[in-house]
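What follows is upload05.txt (compact mmCIF, C-alpha atoms).
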# COMPACT_ATOMS: atom_id res chain seq x y z
CA MET A 17 18.31 6.58 -48.94
CA ILE A 18 19.26 8.85 -46.03
CA LYS A 19 15.62 8.86 -45.04
CA VAL A 20 15.64 5.07 -44.83
CA ILE A 21 18.83 5.01 -42.71
CA LEU A 22 17.56 7.71 -40.38
CA ARG A 23 14.22 5.99 -39.97
CA ASN A 24 15.91 2.68 -39.15
CA ILE A 25 18.17 4.28 -36.54
CA ILE A 26 15.17 5.83 -34.78
CA CYS A 27 13.32 2.53 -35.11
CA PHE A 28 16.29 0.70 -33.54
CA VAL A 29 16.45 2.98 -30.50
CA LEU A 30 12.70 2.93 -29.91
CA ILE A 31 12.44 -0.85 -30.24
CA VAL A 32 15.35 -1.46 -27.83
CA LEU A 33 13.85 0.96 -25.30
CA PHE A 34 10.42 -0.62 -25.65
CA GLN A 35 11.90 -4.08 -25.09
CA VAL A 36 14.04 -3.30 -22.04
CA LEU A 37 11.84 -0.74 -20.32
CA VAL A 38 8.38 -2.14 -21.01
CA LEU A 39 8.39 -5.78 -22.08
CA ASN A 40 11.21 -6.97 -19.82
CA ASN A 41 9.26 -5.56 -16.90
CA VAL A 42 6.12 -7.49 -17.77
CA GLN A 43 6.87 -10.49 -15.60
CA PHE A 44 3.76 -12.60 -15.35
CA SER A 45 5.59 -15.90 -15.26
CA SER A 46 8.76 -17.54 -16.48
CA LEU A 47 6.77 -18.80 -19.47
CA LEU A 48 6.16 -15.35 -20.88
CA ASN A 49 9.16 -13.48 -22.30
CA PRO A 50 8.11 -12.00 -25.63
CA PHE A 51 11.06 -10.57 -27.58
CA VAL A 52 9.44 -8.01 -29.82
CA TYR A 53 12.80 -6.40 -30.66
CA THR A 54 13.13 -9.00 -33.44
CA LEU A 55 10.72 -6.71 -35.31
CA PHE A 56 13.72 -4.56 -36.25
CA ILE A 57 15.33 -7.41 -38.19
CA LEU A 58 12.01 -8.27 -39.84
CA LEU A 59 11.49 -4.74 -41.13
CA LEU A 60 14.94 -4.14 -42.70
CA PRO A 61 14.79 -3.49 -46.47
CA PHE A 62 14.82 -6.40 -48.94
CA GLU A 63 18.01 -5.14 -50.65
CA ILE A 64 20.18 -5.22 -47.50
CA SER A 65 23.33 -7.29 -48.00
CA GLY A 66 23.85 -10.42 -45.95
CA TRP A 67 26.93 -9.38 -43.99
CA PHE A 68 25.34 -6.07 -42.99
CA LEU A 69 22.21 -7.89 -41.85
CA LEU A 70 24.26 -10.15 -39.57
CA ILE A 71 26.26 -7.23 -38.14
CA LEU A 72 23.07 -5.30 -37.42
CA ALA A 73 21.53 -8.35 -35.76
CA PHE A 74 24.62 -8.72 -33.59
CA ILE A 75 24.53 -5.06 -32.53
CA LEU A 76 20.82 -5.27 -31.79
CA GLY A 77 21.19 -8.42 -29.70
CA PHE A 78 24.17 -7.04 -27.85
CA SER A 79 22.34 -3.82 -26.95
CA ILE A 80 19.57 -5.91 -25.40
CA ASP A 81 22.21 -8.01 -23.60
CA ALA A 82 23.69 -4.87 -22.07
CA PHE A 83 20.43 -4.31 -20.25
CA THR A 84 19.69 -7.89 -19.24
CA ASN A 85 23.11 -8.99 -17.92
CA THR A 86 23.35 -11.84 -20.40
CA PRO A 87 26.38 -10.99 -22.58
CA GLY A 88 26.06 -12.84 -25.89
CA LEU A 89 22.75 -14.62 -25.31
CA HIS A 90 20.43 -12.29 -27.20
CA ALA A 91 23.21 -11.53 -29.67
CA SER A 92 23.60 -15.20 -30.63
CA ALA A 93 19.85 -15.74 -30.92
CA THR A 94 19.37 -12.65 -33.08
CA VAL A 95 22.30 -13.51 -35.37
CA PHE A 96 20.90 -17.03 -35.69
CA MET A 97 17.50 -15.69 -36.66
CA ALA A 98 18.95 -13.12 -39.08
CA SER A 99 20.91 -15.84 -40.88
CA PHE A 100 17.60 -17.46 -41.80
CA ARG A 101 16.00 -14.27 -43.10
CA PRO A 102 17.30 -14.33 -46.70
CA MET A 103 16.29 -17.99 -47.04
CA VAL A 104 12.83 -17.45 -45.58
CA LEU A 105 12.27 -14.39 -47.78
CA ARG A 106 13.18 -16.43 -50.87
CA GLY A 107 10.97 -19.29 -49.76
CA ILE A 108 7.81 -17.28 -49.29
CA ALA A 109 8.33 -14.80 -52.15
CA PRO A 110 5.15 -13.88 -54.07
CA ARG A 111 4.84 -15.18 -57.66
CA ASP A 112 6.16 -12.01 -59.30
CA ASP A 113 8.90 -11.53 -56.69
CA TYR A 114 9.40 -8.48 -54.47
CA GLU A 115 9.07 -5.09 -56.12
CA ILE A 116 11.98 -2.66 -55.93
CA GLY A 117 11.48 0.12 -53.41
CA THR A 118 9.08 -1.81 -51.19
CA PHE A 119 9.62 -2.99 -47.61
CA PRO A 120 8.69 -6.25 -45.90
CA ARG A 121 5.57 -4.91 -44.27
CA LEU A 122 2.02 -6.03 -43.78
CA SER A 123 0.63 -3.03 -45.65
CA GLN A 124 2.63 -3.93 -48.75
CA TYR A 125 2.49 -7.71 -48.97
CA GLY A 126 -0.68 -8.57 -47.12
CA PHE A 127 -1.67 -10.22 -43.87
CA ALA A 128 -1.04 -13.86 -44.77
CA TRP A 129 2.44 -13.20 -46.15
CA PHE A 130 3.50 -11.10 -43.16
CA VAL A 131 2.21 -13.56 -40.58
CA LYS A 132 3.99 -16.46 -42.29
CA TYR A 133 7.22 -14.43 -42.40
CA THR A 134 6.95 -13.38 -38.74
CA VAL A 135 5.95 -16.78 -37.36
CA ILE A 136 8.90 -18.62 -38.94
CA LEU A 137 11.58 -16.13 -37.90
CA VAL A 138 10.26 -15.26 -34.43
CA PHE A 139 9.83 -18.94 -33.63
CA ILE A 140 13.42 -19.70 -34.71
CA HIS A 141 14.67 -16.87 -32.51
CA HIS A 142 12.72 -17.88 -29.42
CA LEU A 143 13.54 -21.57 -29.72
CA PHE A 144 17.27 -20.84 -30.02
CA TYR A 145 17.12 -18.38 -27.13
CA PHE A 146 15.33 -20.67 -24.68
CA VAL A 147 17.43 -23.71 -25.56
CA ILE A 148 20.66 -21.80 -24.95
CA GLU A 149 19.31 -20.14 -21.80
CA ALA A 150 18.33 -23.45 -20.19
CA PHE A 151 21.40 -25.18 -21.55
CA SER A 152 22.68 -27.00 -18.48
CA SER A 153 19.32 -27.84 -16.87
CA PHE A 154 17.61 -28.75 -20.10
CA ASN A 155 13.97 -29.76 -19.86
CA LEU A 156 12.36 -30.15 -23.28
CA LEU A 157 8.80 -29.59 -22.13
CA THR A 158 9.44 -26.31 -20.31
CA VAL A 159 11.66 -25.05 -23.10
CA LEU A 160 8.95 -25.78 -25.67
CA ALA A 161 6.24 -24.25 -23.47
CA ARG A 162 8.33 -21.10 -23.04
CA THR A 163 9.05 -20.95 -26.74
CA PHE A 164 5.43 -21.37 -27.82
CA ILE A 165 3.81 -19.01 -25.32
CA SER A 166 6.43 -16.28 -25.68
CA SER A 167 6.49 -16.54 -29.49
CA ILE A 168 2.72 -16.33 -29.77
CA VAL A 169 2.61 -13.16 -27.70
CA ALA A 170 5.59 -11.67 -29.57
CA ILE A 171 4.03 -12.49 -32.96
CA PHE A 172 0.74 -10.97 -31.85
CA LEU A 173 2.48 -7.75 -30.76
CA ILE A 174 4.54 -7.58 -33.97
CA VAL A 175 1.49 -8.02 -36.19
CA LEU A 176 -0.39 -5.50 -34.07
CA SER A 177 2.43 -3.00 -34.55
CA GLN A 178 1.84 -3.26 -38.30
CA PHE A 179 -1.71 -2.03 -37.85
CA ILE A 180 -0.90 0.72 -35.36
CA ILE A 181 2.56 2.14 -36.12
CA PHE A 182 3.84 0.95 -39.51
CA ARG A 183 0.65 1.61 -41.47
CA ASP A 184 2.01 3.43 -44.53
CA MET B 9 45.81 -17.06 -52.49
CA ARG B 10 43.37 -15.94 -55.11
CA ASN B 11 41.34 -19.05 -54.50
CA LEU B 12 41.27 -18.35 -50.80
CA ILE B 13 39.96 -14.85 -51.40
CA ARG B 14 37.39 -16.22 -53.81
CA ILE B 15 36.22 -18.71 -51.20
CA LEU B 16 36.08 -15.98 -48.59
CA ILE B 17 33.97 -13.79 -50.84
CA ARG B 18 31.75 -16.64 -51.94
CA TYR B 19 31.01 -17.88 -48.44
CA HIS B 20 31.33 -14.58 -46.57
CA PHE B 21 27.79 -14.89 -45.22
CA ALA B 22 28.36 -18.30 -43.64
CA ILE B 23 31.81 -17.35 -42.36
CA LEU B 24 30.59 -14.13 -40.78
CA PHE B 25 27.64 -16.01 -39.29
CA LEU B 26 29.96 -18.56 -37.70
CA ILE B 27 32.32 -15.91 -36.35
CA LEU B 28 29.53 -13.88 -34.73
CA GLU B 29 27.78 -16.94 -33.36
CA VAL B 30 30.92 -18.50 -31.88
CA PHE B 31 31.98 -15.16 -30.45
CA SER B 32 28.68 -14.42 -28.72
CA LEU B 33 28.15 -17.96 -27.43
CA THR B 34 31.70 -18.04 -26.07
CA ILE B 35 31.27 -14.88 -24.06
CA TYR B 36 27.84 -16.05 -22.90
CA PHE B 37 29.04 -19.39 -21.58
CA ASN B 38 32.21 -17.91 -20.11
CA SER B 39 30.24 -15.30 -18.24
CA ASN B 40 28.05 -18.12 -16.97
CA GLN B 41 30.75 -20.33 -15.60
CA ASN B 42 32.62 -18.13 -13.19
CA HIS B 43 29.82 -15.78 -12.21
CA LYS B 44 31.85 -12.92 -13.59
CA ASN B 45 30.13 -10.81 -16.18
CA LYS B 46 33.07 -8.62 -16.92
CA ILE B 47 32.15 -7.73 -20.46
CA LEU B 48 28.70 -6.33 -20.03
CA ASN B 49 27.03 -5.79 -16.79
CA SER B 50 24.17 -3.64 -15.73
CA SER B 51 26.32 -2.26 -12.97
CA HIS B 52 28.14 -0.51 -15.78
CA ALA B 53 27.68 3.19 -15.49
CA ILE B 54 25.53 4.05 -18.50
CA VAL B 55 23.08 1.21 -18.28
CA ALA B 56 22.79 1.60 -14.52
CA GLU B 57 22.14 5.35 -14.78
CA PHE B 58 19.42 4.50 -17.20
CA TYR B 59 17.85 1.95 -14.91
CA SER B 60 17.96 4.19 -11.88
CA LEU B 61 16.14 6.82 -13.94
CA SER B 62 13.41 4.41 -14.95
CA SER B 63 13.12 2.91 -11.47
CA SER B 64 12.70 6.39 -10.00
CA VAL B 65 9.49 6.55 -12.01
CA PHE B 66 8.26 3.00 -11.53
CA GLN B 67 8.90 2.83 -7.77
CA TYR B 68 5.86 5.02 -7.17
CA PHE B 69 3.58 2.17 -8.17
CA ASN B 70 4.88 0.05 -5.29
CA LEU B 71 4.91 2.79 -2.74
CA SER B 72 1.93 1.72 -0.68
CA LYS B 73 3.12 -1.86 -0.35
CA VAL B 74 6.66 -0.81 0.54
CA ASN B 75 5.27 1.58 3.13
CA TYR B 76 3.27 -1.20 4.64
CA GLN B 77 6.27 -3.52 4.85
CA LEU B 78 8.44 -0.83 6.45
CA ASN B 79 5.68 -0.03 8.88
CA GLU B 80 5.41 -3.64 9.85
CA GLU B 81 9.12 -3.87 10.42
CA ASN B 82 9.10 -0.66 12.44
CA THR B 83 6.44 -2.10 14.69
CA ARG B 84 8.45 -5.22 15.20
CA LEU B 85 11.66 -3.30 15.93
CA LYS B 86 9.90 -0.89 18.24
CA SER B 87 8.50 -3.75 20.23
CA GLU B 88 12.07 -4.95 20.71
CA LEU B 89 13.29 -1.60 21.99
CA LYS B 90 14.58 -1.45 25.48
CA ASN B 91 11.91 0.93 26.71
CA SER B 92 9.12 -1.32 25.56
CA TYR B 93 10.24 -3.97 28.05
CA HIS B 94 9.16 -3.97 31.63
CA LYS B 95 12.01 -4.25 34.10
CA ASN B 96 11.43 -7.23 36.32
CA SER B 97 14.53 -7.11 38.43
CA VAL B 98 15.01 -4.56 41.09
CA ASN B 99 18.71 -3.89 41.18
CA ILE B 100 20.56 -3.61 37.95
CA LEU B 101 24.20 -2.89 37.68
CA GLU B 102 25.00 -1.92 34.13
CA ILE B 103 28.40 -2.88 32.91
CA TYR B 104 29.72 -1.95 29.52
CA ASP B 105 32.08 -4.72 28.68
CA SER B 106 33.80 -6.27 25.72
CA LEU B 107 31.69 -9.42 25.67
CA TYR B 108 29.97 -8.30 22.51
CA SER B 109 31.74 -7.09 19.44
CA LYS B 110 29.95 -6.13 16.29
CA LYS B 111 29.83 -8.85 13.66
CA TYR B 112 27.41 -7.69 10.99
CA ILE B 113 26.96 -4.27 9.39
CA TYR B 114 23.78 -3.47 7.50
CA ARG B 115 23.50 -1.01 4.64
CA THR B 116 20.28 -0.11 2.87
CA ALA B 117 20.09 -0.04 -0.90
CA LYS B 118 17.41 0.54 -3.48
CA VAL B 119 16.61 -2.03 -6.16
CA ILE B 120 16.93 -0.34 -9.52
CA ASN B 121 16.57 -3.38 -11.73
CA ASN B 122 15.12 -6.80 -11.09
CA SER B 123 13.85 -9.80 -13.02
CA ILE B 124 12.09 -13.02 -12.13
CA ASN B 125 11.38 -14.64 -15.47
CA LYS B 126 14.78 -15.89 -16.59
CA GLN B 127 16.82 -18.90 -15.52
CA HIS B 128 19.61 -16.70 -14.18
CA ASN B 129 18.02 -13.69 -12.55
CA TYR B 130 20.02 -10.73 -11.34
CA ILE B 131 19.16 -7.64 -9.31
CA THR B 132 20.90 -4.27 -9.61
CA LEU B 133 21.28 -2.05 -6.52
CA ASN B 134 22.18 1.62 -6.24
CA LYS B 135 25.08 1.13 -3.82
CA GLY B 136 28.61 0.20 -4.87
CA SER B 137 32.23 0.03 -3.77
CA ARG B 138 32.23 3.70 -2.81
CA GLN B 139 29.60 2.89 -0.20
CA GLY B 140 31.62 -0.09 1.02
CA VAL B 141 29.81 -2.85 -0.86
CA LYS B 142 32.01 -5.78 -1.87
CA PRO B 143 31.31 -8.96 -3.84
CA GLU B 144 29.92 -11.93 -1.88
CA MET B 145 28.04 -9.89 0.69
CA ALA B 146 24.60 -11.10 1.66
CA VAL B 147 21.48 -9.24 0.54
CA VAL B 148 18.28 -9.54 2.57
CA SER B 149 14.99 -7.67 2.58
CA THR B 150 12.56 -6.82 5.35
CA THR B 151 10.74 -10.04 4.58
CA GLY B 152 13.65 -12.44 4.11
CA ILE B 153 16.55 -13.58 2.00
CA VAL B 154 17.27 -11.99 -1.42
CA GLY B 155 20.69 -13.03 -2.76
CA ILE B 156 24.44 -12.48 -2.86
CA VAL B 157 26.37 -9.51 -4.30
CA ASN B 158 27.99 -10.51 -7.57
CA GLU B 159 29.84 -7.53 -9.04
CA VAL B 160 30.33 -3.96 -7.89
CA SER B 161 31.10 -0.72 -9.69
CA PRO B 162 31.77 2.55 -7.83
CA ASN B 163 28.08 3.34 -7.36
CA TYR B 164 26.17 0.19 -8.28
CA ALA B 165 26.15 -3.49 -7.49
CA THR B 166 24.62 -6.54 -9.14
CA VAL B 167 23.15 -9.29 -7.01
CA ILE B 168 22.68 -12.96 -7.86
CA SER B 169 19.07 -13.43 -6.86
CA ILE B 170 17.87 -16.57 -5.07
CA LEU B 171 15.89 -17.01 -8.29
CA ASN B 172 19.05 -18.05 -10.13
CA THR B 173 19.62 -21.73 -10.88
CA LYS B 174 23.37 -21.26 -10.32
CA LEU B 175 23.05 -20.21 -6.69
CA ASN B 176 23.16 -22.74 -3.83
CA ILE B 177 22.65 -21.67 -0.24
CA SER B 178 22.96 -23.59 3.02
CA ALA B 179 19.61 -23.56 4.84
CA LYS B 180 18.10 -25.36 7.81
CA ILE B 181 14.77 -26.25 9.32
CA LYS B 182 14.43 -23.85 12.23
CA ARG B 183 12.66 -26.32 14.53
CA ASN B 184 15.31 -29.05 14.59
CA ASN B 185 18.41 -27.53 12.94
CA TYR B 186 18.75 -30.14 10.15
CA PHE B 187 20.46 -28.38 7.26
CA GLY B 188 20.45 -28.88 3.48
CA ARG B 189 21.18 -27.21 0.19
CA LEU B 190 18.73 -24.61 -1.09
CA ASN B 191 18.39 -24.07 -4.83
CA TRP B 192 15.83 -22.58 -7.20
CA GLY B 193 14.12 -25.11 -9.46
CA GLY B 194 13.89 -22.53 -12.25
CA ASN B 195 10.14 -22.51 -12.74
CA ASP B 196 8.18 -20.60 -10.18
CA TYR B 197 9.27 -17.33 -8.57
CA MET B 198 7.39 -18.13 -5.35
CA HIS B 199 9.08 -21.47 -4.57
CA VAL B 200 12.59 -22.84 -4.02
CA LEU B 201 13.77 -26.39 -3.29
CA LEU B 202 15.59 -27.58 -0.17
CA ASN B 203 17.56 -30.75 -0.90
CA GLU B 204 19.62 -33.21 1.10
CA ILE B 205 17.37 -33.41 4.16
CA PRO B 206 17.50 -37.08 5.30
CA ASN B 207 14.34 -39.17 5.34
CA HIS B 208 14.08 -39.63 9.08
CA VAL B 209 13.88 -35.92 9.83
CA GLU B 210 10.60 -34.84 11.26
CA LYS B 211 8.96 -32.01 9.34
CA GLN B 212 5.56 -30.58 8.59
CA ILE B 213 4.04 -28.34 6.02
CA GLY B 214 4.35 -24.84 7.42
CA ASP B 215 7.71 -25.33 9.16
CA THR B 216 10.02 -22.33 8.95
CA ILE B 217 13.21 -22.51 6.88
CA VAL B 218 16.04 -20.14 7.77
CA THR B 219 19.67 -19.66 6.71
CA SER B 220 22.08 -21.96 8.51
CA GLY B 221 24.87 -19.44 9.03
CA PHE B 222 27.51 -22.01 8.02
CA SER B 223 28.73 -19.93 5.13
CA THR B 224 30.54 -16.72 5.86
CA ILE B 225 27.98 -14.82 3.84
CA PHE B 226 24.59 -15.00 5.51
CA PRO B 227 23.99 -14.43 9.20
CA GLU B 228 22.26 -17.32 10.92
CA GLY B 229 18.50 -17.38 11.14
CA ILE B 230 17.50 -15.12 8.25
CA LEU B 231 14.02 -16.11 7.15
CA ILE B 232 13.76 -17.90 3.80
CA GLY B 233 10.21 -19.20 3.86
CA THR B 234 7.94 -22.00 4.94
CA ILE B 235 7.61 -25.61 3.78
CA SER B 236 4.77 -25.93 1.31
CA ASN B 237 5.29 -29.51 0.10
CA PHE B 238 7.77 -32.39 0.28
CA ASN B 239 8.57 -35.51 -1.71
CA ASN B 240 11.16 -38.26 -1.74
CA ASP B 241 13.88 -37.62 -4.27
CA LYS B 242 14.78 -40.14 -6.99
CA LYS B 243 17.11 -42.29 -4.91
CA GLY B 244 14.80 -42.20 -1.94
CA ASN B 245 17.30 -41.39 0.79
CA PHE B 246 16.66 -37.70 0.99
CA TYR B 247 13.69 -35.43 0.90
CA GLU B 248 13.16 -32.74 -1.70
CA ILE B 249 11.31 -30.02 0.15
CA GLU B 250 9.44 -27.25 -1.62
CA VAL B 251 9.76 -23.97 0.23
CA GLN B 252 7.42 -21.04 -0.26
CA LEU B 253 9.59 -17.91 -0.25
CA SER B 254 8.67 -15.25 2.28
CA THR B 255 10.07 -12.52 0.02
CA ASP B 256 7.95 -11.47 -2.92
CA PHE B 257 10.54 -10.81 -5.62
CA LYS B 258 7.98 -9.09 -7.77
CA ASN B 259 7.76 -5.99 -5.60
CA LEU B 260 11.25 -5.83 -4.13
CA ALA B 261 12.11 -2.16 -3.58
CA TYR B 262 14.52 -1.66 -0.68
CA VAL B 263 17.01 -4.23 0.61
CA TYR B 264 19.79 -4.51 3.19
CA ILE B 265 23.34 -5.44 2.26
CA VAL B 266 24.93 -7.38 5.10
CA GLU B 267 28.66 -7.25 5.71
CA ASN B 268 30.29 -9.91 7.89
CA LEU B 269 33.20 -8.33 9.75
CA PHE B 270 34.64 -11.70 10.80
CA LYS B 271 34.49 -13.21 7.33
CA ASN B 272 38.20 -13.10 6.55
CA GLU B 273 39.12 -14.56 9.89
CA GLN B 274 36.80 -17.54 9.36
CA ILE B 275 37.94 -18.13 5.78
CA LYS B 276 41.59 -17.97 6.81
CA LEU B 277 41.06 -20.50 9.56
CA GLU B 278 39.11 -22.90 7.37
CA LYS B 279 41.71 -22.75 4.62
CA ARG B 280 44.48 -23.84 6.94

Here is the file; what I need is its structure written in the form of structure tokens.
Amino acid sequence: MIKVILRNIICFVLIVLFQVLVLNNVQFSSLLNPFVYTLFILLLPFEISGWFLLILAFILGFSIDAFTNTPGLHASATVFMASFRPMVLRGIAPRDDYEIGTFPRLSQYGFAWFVKYTVILVFIHHLFYFVIEAFSSFNLLTVLARTFISSIVAIFLIVLSQFIIFRD
Amino acid sequence: MRNLIRILIRYHFAILFLILEVFSLTIYFNSNQNHKNKILNSSHAIVAEFYSLSSSVFQYFNLSKVNYQLNEENTRLKSELKNSYHKNSVNILEIYDSLYSKKYIYRTAKVINNSINKQHNYITLNKGSRQGVKPEMAVVSTTGIVGIVNEVSPNYATVISILNTKLNISAKIKRNNYFGRLNWGGNDYMHVLLNEIPNHVEKQIGDTIVTSGFSTIFPEGILIGTISNFNNDKKGNFYEIEVQLSTDFKNLAYVYIVENLFKNEQIKLEKR
């Protein structure tokens, strides 16, 4: 149990640093803002209770906000995405349900399952984020273009991380 | 009472979700409206320390380009030096008089954080109130306009970049002094839009756009960019001019913060 908590704390710090120091500095165009930090929410254990999931999502989003000068923007998007996680997990559960002691990872539930899981949640997050960000000067086409391009890159990086870092 | 508690327990997930969502959206939209990001701000000490650490590493990648720009500016300034002019007149009586009094003070600052890919982009600088920086000072670079100081902490300042859809600046066509409102369209970090230029005004692609100097913030004649395209706007009375920025926001490294010493006097007069 302590091992799981410790591992998640380290994971949290590394993911936030990776997002703000590396990805936020990759500025090819305004269409490309992949938010890979959502990976932290994806990888939390199955047994986590709902309220704790939301609180963690809020803290995660707010830490990113601290670095990007957008108080509340990432926090709201991450909380929004986290609120869908239990529902999505139930919806795509394998026939004999999730085994106790396993984690939502590619190595444990397979490529197809993990990609489905990631695509739904990351897309929800990015759509919410870009709609709120462009709120006053709303242009559906640019918002959708931003959402699609950024989500695809983020999903690619998240799936890639499963092959490189979270292999066990 | 017991029912209330039962409802709270039953729907705690939805209730907590609503609380967090309303809370974060409220602070986001409030911070948006009055340009004041009091709650979180990268001029806050810890985050800023962090950024200045990371920028001290990453600045090396831009070094050659920055050097080149500084060199170019040095050449220009040197060519304006007094001893690079030939004296044409024979007799010169030098008088030190009070005809000129200093209006603008320049301070250099280093960019320690910058973004170009959001709708509301901000820049963080490593100079703050201790170095005399105040909100609403102009920020320019060696190549042109950059933005306006937003918030200051003792050692850092955040700047609303031109690449921020909330920022409007008064700008004019240098050739004929017609002025309009400059705003970023929100798409492309190389281009901004100059609105409210009437139809009859003569202009060409390539014309220079500079600051008008009407506001108390920017000095007159700071380079913004050149006209790259123009179209009629929807109503057809004004032109919407696309301006190619002269500053490349992607490799911004050192900037000048401009203080207007006569600002208060002008504001006081105009308020009367």

Near range 45-61 of chain A, within 9 Å and counting only C-alpha atoms, which residues show up once chain neighbours fewer than 3 positions away are dropped, as a PyMOL selection string? (chain A and resi 20+24+27-28+31-32+34-35+39-40+42+64+69+72-73+76-77+80+94+97-98+101+117-121+133-134+137-138+141-142+158-159+161-171+173-174) or (chain B and resi 124-127+194-197)

Chain A residues within 10 Å of chain B, counting all atoms listed in the file: which ones, as a ChimeraX atom specification? /A:36-37,40-49,65-71,73-74,77-79,81-96,98-99,146,148-153,158

Can those selected residues be exported to a file as an mmCIF file, in the coordinates of the input so that it contains C-alpha atoms?
data_model
loop_
_atom_site.group_PDB
_atom_site.id
_atom_site.type_symbol
_atom_site.label_atom_id
_atom_site.label_comp_id
_atom_site.auth_asym_id
_atom_site.auth_seq_id
_atom_site.Cartn_x
_atom_site.Cartn_y
_atom_site.Cartn_z
ATOM 1 C CA VAL A 36 14.040 -3.300 -22.040
ATOM 2 C CA LEU A 37 11.840 -0.740 -20.320
ATOM 3 C CA ASN A 40 11.210 -6.970 -19.820
ATOM 4 C CA ASN A 41 9.260 -5.560 -16.900
ATOM 5 C CA VAL A 42 6.120 -7.490 -17.770
ATOM 6 C CA GLN A 43 6.870 -10.490 -15.600
ATOM 7 C CA PHE A 44 3.760 -12.600 -15.350
ATOM 8 C CA SER A 45 5.590 -15.900 -15.260
ATOM 9 C CA SER A 46 8.760 -17.540 -16.480
ATOM 10 C CA LEU A 47 6.770 -18.800 -19.470
ATOM 11 C CA LEU A 48 6.160 -15.350 -20.880
ATOM 12 C CA ASN A 49 9.160 -13.480 -22.300
ATOM 13 C CA SER A 65 23.330 -7.290 -48.000
ATOM 14 C CA GLY A 66 23.850 -10.420 -45.950
ATOM 15 C CA TRP A 67 26.930 -9.380 -43.990
ATOM 16 C CA PHE A 68 25.340 -6.070 -42.990
ATOM 17 C CA LEU A 69 22.210 -7.890 -41.850
ATOM 18 C CA LEU A 70 24.260 -10.150 -39.570
ATOM 19 C CA ILE A 71 26.260 -7.230 -38.140
ATOM 20 C CA ALA A 73 21.530 -8.350 -35.760
ATOM 21 C CA PHE A 74 24.620 -8.720 -33.590
ATOM 22 C CA GLY A 77 21.190 -8.420 -29.700
ATOM 23 C CA PHE A 78 24.170 -7.040 -27.850
ATOM 24 C CA SER A 79 22.340 -3.820 -26.950
ATOM 25 C CA ASP A 81 22.210 -8.010 -23.600
ATOM 26 C CA ALA A 82 23.690 -4.870 -22.070
ATOM 27 C CA PHE A 83 20.430 -4.310 -20.250
ATOM 28 C CA THR A 84 19.690 -7.890 -19.240
ATOM 29 C CA ASN A 85 23.110 -8.990 -17.920
ATOM 30 C CA THR A 86 23.350 -11.840 -20.400
ATOM 31 C CA PRO A 87 26.380 -10.990 -22.580
ATOM 32 C CA GLY A 88 26.060 -12.840 -25.890
ATOM 33 C CA LEU A 89 22.750 -14.620 -25.310
ATOM 34 C CA HIS A 90 20.430 -12.290 -27.200
ATOM 35 C CA ALA A 91 23.210 -11.530 -29.670
ATOM 36 C CA SER A 92 23.600 -15.200 -30.630
ATOM 37 C CA ALA A 93 19.850 -15.740 -30.920
ATOM 38 C CA THR A 94 19.370 -12.650 -33.080
ATOM 39 C CA VAL A 95 22.300 -13.510 -35.370
ATOM 40 C CA PHE A 96 20.900 -17.030 -35.690
ATOM 41 C CA ALA A 98 18.950 -13.120 -39.080
ATOM 42 C CA SER A 99 20.910 -15.840 -40.880
ATOM 43 C CA PHE A 146 15.330 -20.670 -24.680
ATOM 44 C CA ILE A 148 20.660 -21.800 -24.950
ATOM 45 C CA GLU A 149 19.310 -20.140 -21.800
ATOM 46 C CA ALA A 150 18.330 -23.450 -20.190
ATOM 47 C CA PHE A 151 21.400 -25.180 -21.550
ATOM 48 C CA SER A 152 22.680 -27.000 -18.480
ATOM 49 C CA SER A 153 19.320 -27.840 -16.870
ATOM 50 C CA THR A 158 9.440 -26.310 -20.310
#

For each of B:Gln139, B:Ser236, B:Asn272, B:Thr150, take the minimum atom-to-atom distance to Gln212 in chain B, counting all atoms listed in the file, then give the residue where this is smallest. B:Ser236

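Residues lying at most 9 Å from (26.3, -14.6, -5.8) in file coordinates, with all atoms listed in the file considered, are B:His43, B:Pro143, B:Glu144, B:Met145, B:Ala146, B:Gly155, B:Ile156, B:Val157, B:Asn158, B:Glu159, B:Thr166, B:Val167, B:Ile168, B:Ser169, B:Ile170, B:Lys174, B:Leu175, B:Asn176.
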
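Once Gly140 in chain B and its same-chain neighbours fewer than 2 positions away are set aside, Ile113, Tyr114, Arg115, Thr116, Ala117, Lys135, Gly136, Ser137, Arg138, Lys142, Pro143, Met145, Val160, Ser161, Pro162, Asn163, Tyr164, Ala165, Ile265, Val266 and Glu267 of chain B remain within 12 Å of it when counting all atoms listed in the file.
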
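When CA of Ile205 in chain B is paired with CA of Phe187 in chain B, their separation reads 6.7 Å.
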
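One finds CA of Leu122 in chain A at 20.5 Å from CA of Ile25 in chain A.
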
In Å and to one decimal, CA of Val251 in chain B is distant from CA of Asn237 in chain B by 7.1 Å

I want to know what sits within 7 Å of Arg189 in chain B, based on only C-alpha atoms, with residues of the same chain fewer than 3 positions away left out; could you give that as a PDB file with C-alpha atoms, in the coordinates of the input?
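out_13.pdb, freshly written:
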ATOM      1  CA  ASN B 176      23.160 -22.740  -3.830  1.00  0.00           C
ATOM      2  CA  ILE B 177      22.650 -21.670  -0.240  1.00  0.00           C
ATOM      3  CA  SER B 178      22.960 -23.590   3.020  1.00  0.00           C
ATOM      4  CA  ALA B 179      19.610 -23.560   4.840  1.00  0.00           C
ATOM      5  CA  LEU B 202      15.590 -27.580  -0.170  1.00  0.00           C
ATOM      6  CA  ASN B 203      17.560 -30.750  -0.900  1.00  0.00           C
ATOM      7  CA  GLU B 204      19.620 -33.210   1.100  1.00  0.00           C
TER       8      GLU B 204
END
